[in-house]
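I have placed the structure first, in the form of structure tokens, so that the comments after it can refer back to it.
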Number of protein chains: 2
Amino acid sequence: MGELSRLFAPDRVAVVGASDEEGTVGYAVTSNLLGSFEGEVVAVNPNRESVLGLSCHDSVADVGAVDVVVVAVPAGIAVEVLREAAEVGIENVVVITAGFSEAGAEGSARERELTRIARAHGLNLVGPNSLGILNTGVGLNATFGPLDPDPGGISFMSQSGAFITAVLDWAADRNLGFKDIVSLGNKAVLDESDFVREWGDDPETDVILGYLEDVSDGPAFIEAAREVTEDTPVVVVKSGRTDEGASAAASHTGAIAGSDEAYDAAFEQSGVVRVHTVQELFDFASILAGQPLPDGDSVAIVTNAGGPGVMTTDAVGDSRLDLAEFTDETLATLSEDLPEEANIYNPVDIIGDAPVERFEATIDTVLADDTVEMAIVLSCPTATLSFDDLAAATVRLRSEHGTPLVATLMGGSSTESAAATLSDAGIPTYFDPARAVHSLEALAQYATIREQEYASPTTFDVDRERAREILERAAERGDTRLGVESMELLDAYGIPTPEGKVVSDPAAAVEVAEAIDGPVAMKIVSPAISHKSDIGGVEVGVKQSDVRSTYGDIVSRARNYQPDAPIIGVQVQEMVDLDAGTETIVGVNRDPQFGPLVMFGLGGIFVEIMEDTSFRVAPVSEPEVREMLGEIRAAPLLHGARGRTPADVDALVTVIQRVSQLVTDFPAITELDVNPVVAMPDGVAAVDLRLTLDQEEL
Amino acid sequence: MGELSRLFAPDRVAVVGASDEEGTVGYAVTSNLLGSFEGEVVAVNPNRESVLGLSCHDSVADVGAVDVVVVAVPAGIAVEVLREAAEVGIENVVVITAGFSEAGAEGSARERELTRIARAHGLNLVGPNSLGILNTGVGLNATFGPLDPDPGGISFMSQSGAFITAVLDWAADRNLGFKDIVSLGNKAVLDESDFVREWGDDPETDVILGYLEDVSDGPAFIEAAREVTEDTPVVVVKSGRTDEGASAAASHTGAIAGSDEAYDAAFEQSGVVRVHTVQELFDFASILAGQPLPDGDSVAIVTNAGGPGVMTTDAVGDSRLDLAEFTDETLATLSEDLPEEANIYNPVDIIGDAPVERFEATIDTVLADDTVEMAIVLSCPTATLSFDDLAAATVRLRSEHGTPLVATLMGGSSTESAAATLSDAGIPTYFDPARAVHSLEALAQYATIREQEYASPTTFDVDRERAREILERAAERGDTRLGVESMELLDAYGIPTPEGKVVSDPAAAVEVAEAIDGPVAMKIVSPAISHKSDIGGVEVGVKQSDVRSTYGDIVSRARNYQPDAPIIGVQVQEMVDLDAGTETIVGVNRDPQFGPLVMFGLGGIFVEIMEDTSFRVAPVSEPEVREMLGEIRAAPLLHGARGRTPADVDALVTVIQRVSQLVTDFPAITELDVNPVVAMPDGVAAVDLRLTLDQEEL
């Protein structure tokens with residue numbers, strides 16, 4: 001158990017604002033607490049003698065030692081109550097009261113005060129604007145909802161109180177058991193990361209579920225989730241994923257969430273299983289709580305019905321799972337045991353006249369095959385089969401073989417008692433085979449997550465001081481948008497750039513060009529001119545002999561175009577043969593929750609039109625960058641598709657890591673596009689960049 | 001009612017193979033028929049006096065006039081029974097017996113005989129290898145399953161008998177009512193197209209559902225579905241969609257289905273709603289049977305819970321639906337009616353303390369708004385709300401306003417009676433808001449399908465005779481794989497090609513080149529050499545003066561590379577400036593079920609690596625081709641993205657239609673790749689082609 005163990009399993013709880021007036025929150029909380037809580041309940045209400053048989057205290061200062069204080073008084077008074085609680089050394093407070101940051105400027109100020117007091121005293125504060133907390137171990141219902149979940153291994157946090165009410169009402173008939181539940185409310189102090197950590201330390205929590213509209217502290221969440229998901233699966237609905245949903249979320253909890261790409265990347269990087277629907281959330285919870293983890297992705301299907309077998313197989317084809325390929329021994333046994341019309345290959349069709357004994361023998365044979373890492377028992381109603389017998393046999397065989405398994409019982413009320421038998425043994429059942437496969441896929445996904453090792457980001461030897469100077473110089477000039485004149489920034493971080501320099505007179509241009517082998521590219525450098533080509537500010541393939549005159553031409557075109565544009569100079573650069581390589585883009589945006597978010601994709605059309613991109617939260621490790629490269633659909637182009645020479649992927653991987661280090665070192669860089677980064681057969685070259693600087697952060 | 005009306009609603013049915021031996025198919029069919037059938041049942045069994053109280057006839061020839069004969073005798077005898085039935089003028093036969101094409105060569109021969117007899121006598125034959133047929137109107141259960149569906153508007157065909165058994169068992173508790181049900185079996189005569197047509201003519205069928213592993217006759221199915229879906233929705237699971245599933249289907253029903261792209265295209269082109277899961281199949285059936293069609297895609301959400309409202313909004317964001325934007329009048333009314341903490345914008349959050357009256361007033365206001373074309377009523381359990389009252393109010397308001405509507409009741413057993421009230425009024429309910437949105441999306445999709453007009457393919461004025469000559473000449477040479485030497489084929493169909501010709505001596509090459517303005521491209525032409533560039537068989541930018549010598553070089557390189565390769569000559573072609581246009585590919589494959597399948601995509605990488613393609617079954621109409629162009633992700637590149645000059649889309653659309661006409665006119669063309677087709681700002685040019693010829697079909 002973690003630091004919040006007393007919050008969920010207190011001996012003594014005080015309700016501030018206890019009331020015997022039905023319909024009030026104070027009444028609901030008090031009566032819920034009196035319902036089944038194993039510990040002692042204390043009422044605080046200076047205006048009453050007693051409430052629901054409890055004699056009332058005047059204030060939290062009077063109640064003596066309590067483990068948790070539940071606050072259900074108006075917002076203005078709640079702050080005072082917290083102050084008193086803090087002063088008498090109370091450690092855990094649940095603020096149910098609304099009227100804080102969700103309710104305008106005054107509420108926000110009040111919430112800041114709550115946070116300040118709690119932090120100053122090291123208080124664990126849930127809420128405000130929370131439905132409350134539950135724990136089935138000690139029968140604690142410190143909420144204002146009439147909730148009575150079955151005990152079990154699911155711990156559940158939600159940024160919507162209504163969703164908790166809905167889920168618990170629904171779960172009552174569904175064999176889903178809960179350990180701790182918390183309504184996060186406005187997350188003034190305790191947030192999702194705290195509960196992930198707490199439940200990661202709790203041996204009685206098998207699965208952590210979350211409904212989130214935002215994550216308060218991205219890096220803290222990633223760190224907590226990485227540690228916890230080594231042992232305990234974390235399954236999250238992050239809503240507000242679409243533009244429409246994000247704007248609805250902003251009006252609901254005020255969540256100004258960052259980009260959905262950042263959430264996707266962060267969950268991927270920290271082993272969180274992200275789901276999009278309520279059905280997935282609880283299907284996944286159920287299988288993760290009830291089944292062992294598979295050793296791999298291969299699944300066997302045993303069915304008494306061909307058509308549903310085909311549908312199940314399609315679902316496997318859609319998933320990350322594979323159909324197990326049975327050993328010759330297995331095939332020989334099946335061939336001997338099954339009628340001629342049966343199909344002994346996976347999906348095994350034992351045909352419609354199968355009695356339970358044929359199911360049993362086949363499941364036994366298949367589970368004994370080492371190539372089978374998961375199984376689906378799929379049955380349609382027939383005259384020869386009892387679902388109840390099949391369920392009993394399935395439970396026995398699952399326990400004998402230890403292979404993770406789900407059942408698809410394709411029927412209605414005739415399946416109910418069989419489903420209950422299976423469910424009691426932790427075996428989920430479904431009508432729709434696609435759901436069965438999807439749930440097994442989640443199990444396989446978590447098996448991979450559990451084995452995942454998170455490499456530390458490589459720290460390259462870079463010239464951080466030189467980079468700082470370049471940025472500071474730009475800041476002094478008042479530049480917030482930098483371009484090619486700051487290519488040295490890349491140099492400083494060891495990112496290869498074509499040979500070249502920004503010069504401010506023709507003679508220097510000639511000197512730079514002479515040091516470069518072959519013709520050069522020349523570009524105007526001015527923070528005020530962004531579309532350089534359009535105004536004749538770029539010349540490529542300039543011969544040595546033309547460098548001087550080209551310098552003059554470029555500068556005078558720029559002057560003509562925009563007489564007041566400050567001109568830094570002209571960049572003289574080695575030519576990069578774009579045809580010899582693949583143009584890629586490495587971009588960075590700063591996400592409000594997760595910080596710098598690194599994007600990789602192939603140049604131009606691929607990123608802009610095909611939206612073929614991969615994202616990770618920085619700092620990124622080398623394995624993460626290799627995953628990014630593998631994730632884009634155009635990846636084969638880097639590996640030599642269509643007769644190309646393969647690009648120097650290792651060099652590209654290094655460049656992305658160095659960019660990640662640069663933006664991690666300098667929070668002042670709020671946006672960065674290194675575009676193109678040309679990936680050649682031997683090495684890469686970063687040819688151009690655009691950067692946005694937040695001087696305040698420097 | 002259509003031609004099969006007596007099949008489903010007979011007055012008199014004979015069972016051949018009637019039996020009173022429990023556990024036999026003959027017993028099951030007879031006793032099922034005796035269960036609730038309103039008409040008369042006649043037993044045929046030469047070995048018994050009577051069966052289940054029916055006196056037995058010796059053969060179908062003895063039974064007098066019957067509307068349907070159900071055959072449940074061994075396969076060998078079944079053929080004889082059919083012959084007798086045909087001779088006495090029986091019109092409808094259901095062959096339940098297995099042991100036909102699903103069971104090896106002998107069975108296949110037997111099935112061909114069944115088909116021959118049935119066709120010769122114009123018999124409507126269901127099966128063989130069928131579970132049988134049902135009709136709830138006359139209480140007909142002519143199957144061997146213990147099935148007793150509720151009456152309703154769903155007619156259902158299935159290529160899996162077990163799936164019917166499963167679905168009916170499950171549907172019993174779910175307010176899903178059926179009209180006709182048919183187990184298609186091996187489809188020796190009657191297939192999915194026949195039943196689609198029949199049910200399209202049946203005013204009592206509201207929705208047609210199908211589970212299919214293949215479609216017997218693609219073009220017939222498209223024609224039937226186009227007509228029927230104007231009035232009646234058709235929703236289909238086509239399984240075997242993945243490689244894994246297709247191979248499972250082949251072993252189940254022997255279905256050698258064509259490519260899944262062909263099915264997708266055919267369903268799209270004929271208004272069939274394709275689903276992938278059992279849940280979707282019945283969710284869609286339920287909403288299509290119970291709700292009116294919306295005028296558009298805009299949906300209003302009314303909720304008492306913020307979080308679930310956000311999840312619902314995300315689901316809308318994922319779908320083709322839009323959030324309705326309320327009129328100022330609506331907003332003013334909501335603002336007046338609702339508490340300050342409420343959100344009056346869509347999704348409307350009437351907050352947790354809402355009594356039913358607040359729900360009622362809000363739903364009323366929202367449904368009265370003309371911008372609202374569909375609605376979702378979403379409620380979580382609260383102390384102040386009765387689900388039953390909400391259900392009653394929702395039913396009343398839906399009926400007053402006529403707007404399609406679904407309900408999400410986020411609770412468990414507390415929602416049951418409310419769900420039943422809604423369901424009785426045809427309003428589907430869900431726990432998961434994503435399912436509610438997905439179902440409304442299907443309703444909107446079908447509303448669009450119903451308005452769909454299918455244009456006839458344009459018939460262009462082409463030189464069909466010349467094309468035939470070219471193909472015949474190739475066939476005479478024994479060529480089955482044609483290349484650039486057959487460019488005239490495109491010419492004959494009015495498809496623009498660069499100026500040029502295949503010549504067989506240097507002098508002719510010079511003559512052709514002189515007629516072309518500028519340098520030319522020269523390529524070796526040999527059916528044996530497919531990778532021309534690799535062996536030095538292609539030269540581009542050849543100046544007039546070099547044409548003669550280049551001819552010699554190319555031919556001698558080809559001879560050196562492969563001395564025995566038959567060399568047709570050298571193609572001398574006008575140069576096409578690839579940089580001035582966008583390379584596209586128009587391809588054709590012949591699908592076993594649907595015939596020629598036309599593919600369009602952007603050249604090279606886009607098709608091969610990005611798999612960015614669009615398919616339609618030929619012949620394609622102009623609007624279908626325009627849809628194809630719009631479907632590829634890279635479409636913006638044709639319309640001037642990233643500063644390009646827009647391509648001549650009209651010319652490209654014409655070329656695709658002409659290719660479609662070519663492959664429709666010549667079934668002998670089994671594969672065709674016109675690649676590249678360069679789409680330029682003014683016009684297009686088909687630069688190269690590959691074609692596979694089936695001489696048998698010529």
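By order in the structure tokens, chains are A, B, ...; within a chain, residues start at 1; ligands start at 1, following the order shown.
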
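Within 6 Å of chain A, chain B contributes the residues Ser160, Ala162, Ala166, Asp169, Trp170, Ser239, Thr242, Glu244, Gly245, Ala248, Ala249, His252, Val278, Ala305, Gly306, Gly307, Val310, Met311, Thr313, Asp314, Gly317, Cys380, Met410, Gly411, Gly412 and Asp432 of chain B, using only C-alpha atoms.
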
task = Please identify which residues in segment 465-676 of chain A DSSP calls strand (DSSP E or B) from the backbone, and express them as an NGL selection string.
result = :A and (481-482 or 500-503 or 520-525 or 538-542 or 569-574 or 582-591 or 595-602 or 613-617 or 669-676)

request  = Write out as a ChimeraX atom specification the residues lying within 12 Å of Leu693 of chain B, counting only C-alpha atoms and excluding same-chain residues fewer than 6 positions away.
outcome  = /B:468,470-483,486,589-590,663,666-672

Close residues, segment 613-615 of chain B itself excluded, 10 Å, only C-alpha atoms, min 2 positions apart in chain, as a PyMOL selection string = chain B and resi 261-266+268+585-588+597-602+606-608+610-611+617-618+624-625+627-634

task = Write down as an MDAnalysis selection string the residues belonging to segment 424-559 of chain B that are assigned alpha helix (DSSP H) by DSSP computed on the backbone.
result = chainID B and resid 424 433:451 464:477 487:492 506:515 547:559

message = Need to verify the contact set: segment 543-560 of chain A, 9 Å, only C-alpha atoms, exclusion of same-chain residues closer than 3 positions in sequence. Can you return it as a VMD selection string?
response = chain A and resid 505 to 507 509 to 510 513 to 514 518 to 520 522 to 524 526 529 532 535 to 539 563 to 565 567 569 to 570 572

With N, CA and C atoms retained, export the selected residues as a compact mmCIF listing (two decimals), in the first residue's frame.
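Once written, part_11.txt looks like this:
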# COMPACT_ATOMS: atom_id res chain seq x y z
N ASP A 505 29.00 40.52 -46.77
CA ASP A 505 29.52 41.28 -47.91
C ASP A 505 29.99 40.33 -49.02
N PRO A 506 30.06 40.83 -50.26
CA PRO A 506 30.38 39.98 -51.41
C PRO A 506 31.73 39.28 -51.28
N ALA A 507 32.70 39.96 -50.71
CA ALA A 507 34.03 39.37 -50.61
C ALA A 507 34.01 38.14 -49.72
N ALA A 509 31.45 36.31 -49.21
CA ALA A 509 30.71 35.28 -49.94
C ALA A 509 31.66 34.50 -50.84
N VAL A 510 32.51 35.21 -51.54
CA VAL A 510 33.46 34.56 -52.44
C VAL A 510 34.40 33.66 -51.65
N ALA A 513 32.57 30.53 -50.64
CA ALA A 513 32.31 29.69 -51.81
C ALA A 513 33.58 28.99 -52.26
N GLU A 514 34.70 29.67 -52.15
CA GLU A 514 35.96 29.07 -52.61
C GLU A 514 36.35 27.87 -51.75
N GLY A 518 32.74 22.80 -55.73
CA GLY A 518 31.60 22.83 -56.66
C GLY A 518 30.72 24.06 -56.47
N PRO A 519 29.64 24.13 -57.24
CA PRO A 519 28.75 25.28 -57.18
C PRO A 519 28.04 25.34 -55.83
N VAL A 520 27.49 26.53 -55.50
CA VAL A 520 26.88 26.73 -54.18
C VAL A 520 25.44 27.19 -54.30
N MET A 522 22.80 30.03 -52.72
CA MET A 522 22.86 31.32 -52.00
C MET A 522 21.44 31.77 -51.68
N LYS A 523 21.22 32.17 -50.41
CA LYS A 523 19.88 32.56 -49.96
C LYS A 523 19.95 33.83 -49.14
N ILE A 524 18.97 34.72 -49.36
CA ILE A 524 18.88 35.93 -48.54
C ILE A 524 18.52 35.52 -47.11
N SER A 526 16.91 37.14 -43.85
CA SER A 526 16.24 38.27 -43.22
C SER A 526 15.04 37.75 -42.46
N ILE A 529 11.68 38.26 -44.20
CA ILE A 529 11.35 37.65 -45.49
C ILE A 529 11.28 36.13 -45.32
N LYS A 532 11.51 33.17 -49.33
CA LYS A 532 12.70 33.69 -50.00
C LYS A 532 12.66 33.46 -51.50
N ILE A 535 10.65 35.89 -53.94
CA ILE A 535 11.13 37.24 -54.27
C ILE A 535 12.50 37.19 -54.95
N GLY A 536 12.87 36.01 -55.42
CA GLY A 536 14.17 35.89 -56.07
C GLY A 536 15.32 35.92 -55.08
N GLY A 537 15.06 35.52 -53.87
CA GLY A 537 16.09 35.56 -52.82
C GLY A 537 16.90 34.28 -52.72
N VAL A 538 16.66 33.33 -53.63
CA VAL A 538 17.41 32.07 -53.60
C VAL A 538 17.98 31.78 -54.98
N GLU A 539 19.26 31.45 -55.02
CA GLU A 539 19.87 30.99 -56.28
C GLU A 539 20.61 29.69 -55.98
N PRO A 563 11.89 47.40 -48.72
CA PRO A 563 13.00 48.31 -48.40
C PRO A 563 13.33 48.36 -46.91
N ASP A 564 12.35 48.17 -46.05
CA ASP A 564 12.65 48.30 -44.62
C ASP A 564 13.02 46.97 -43.96
N ALA A 565 13.12 45.91 -44.75
CA ALA A 565 13.45 44.61 -44.14
C ALA A 565 14.89 44.63 -43.66
N ILE A 567 18.28 43.21 -43.26
CA ILE A 567 18.94 42.11 -43.96
C ILE A 567 20.18 41.69 -43.18
N GLY A 569 22.13 39.13 -44.07
CA GLY A 569 23.18 38.81 -45.03
C GLY A 569 22.70 37.79 -46.03
N VAL A 570 23.65 37.03 -46.56
CA VAL A 570 23.34 36.00 -47.54
C VAL A 570 23.99 34.71 -47.07
N VAL A 572 25.70 31.31 -47.91
CA VAL A 572 26.38 30.61 -49.00
C VAL A 572 26.56 29.16 -48.53

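Atom CA of Leu689 of chain B to atom CA of Asp665 of chain B spans 17.7 Å [interatomic distance, one decimal].
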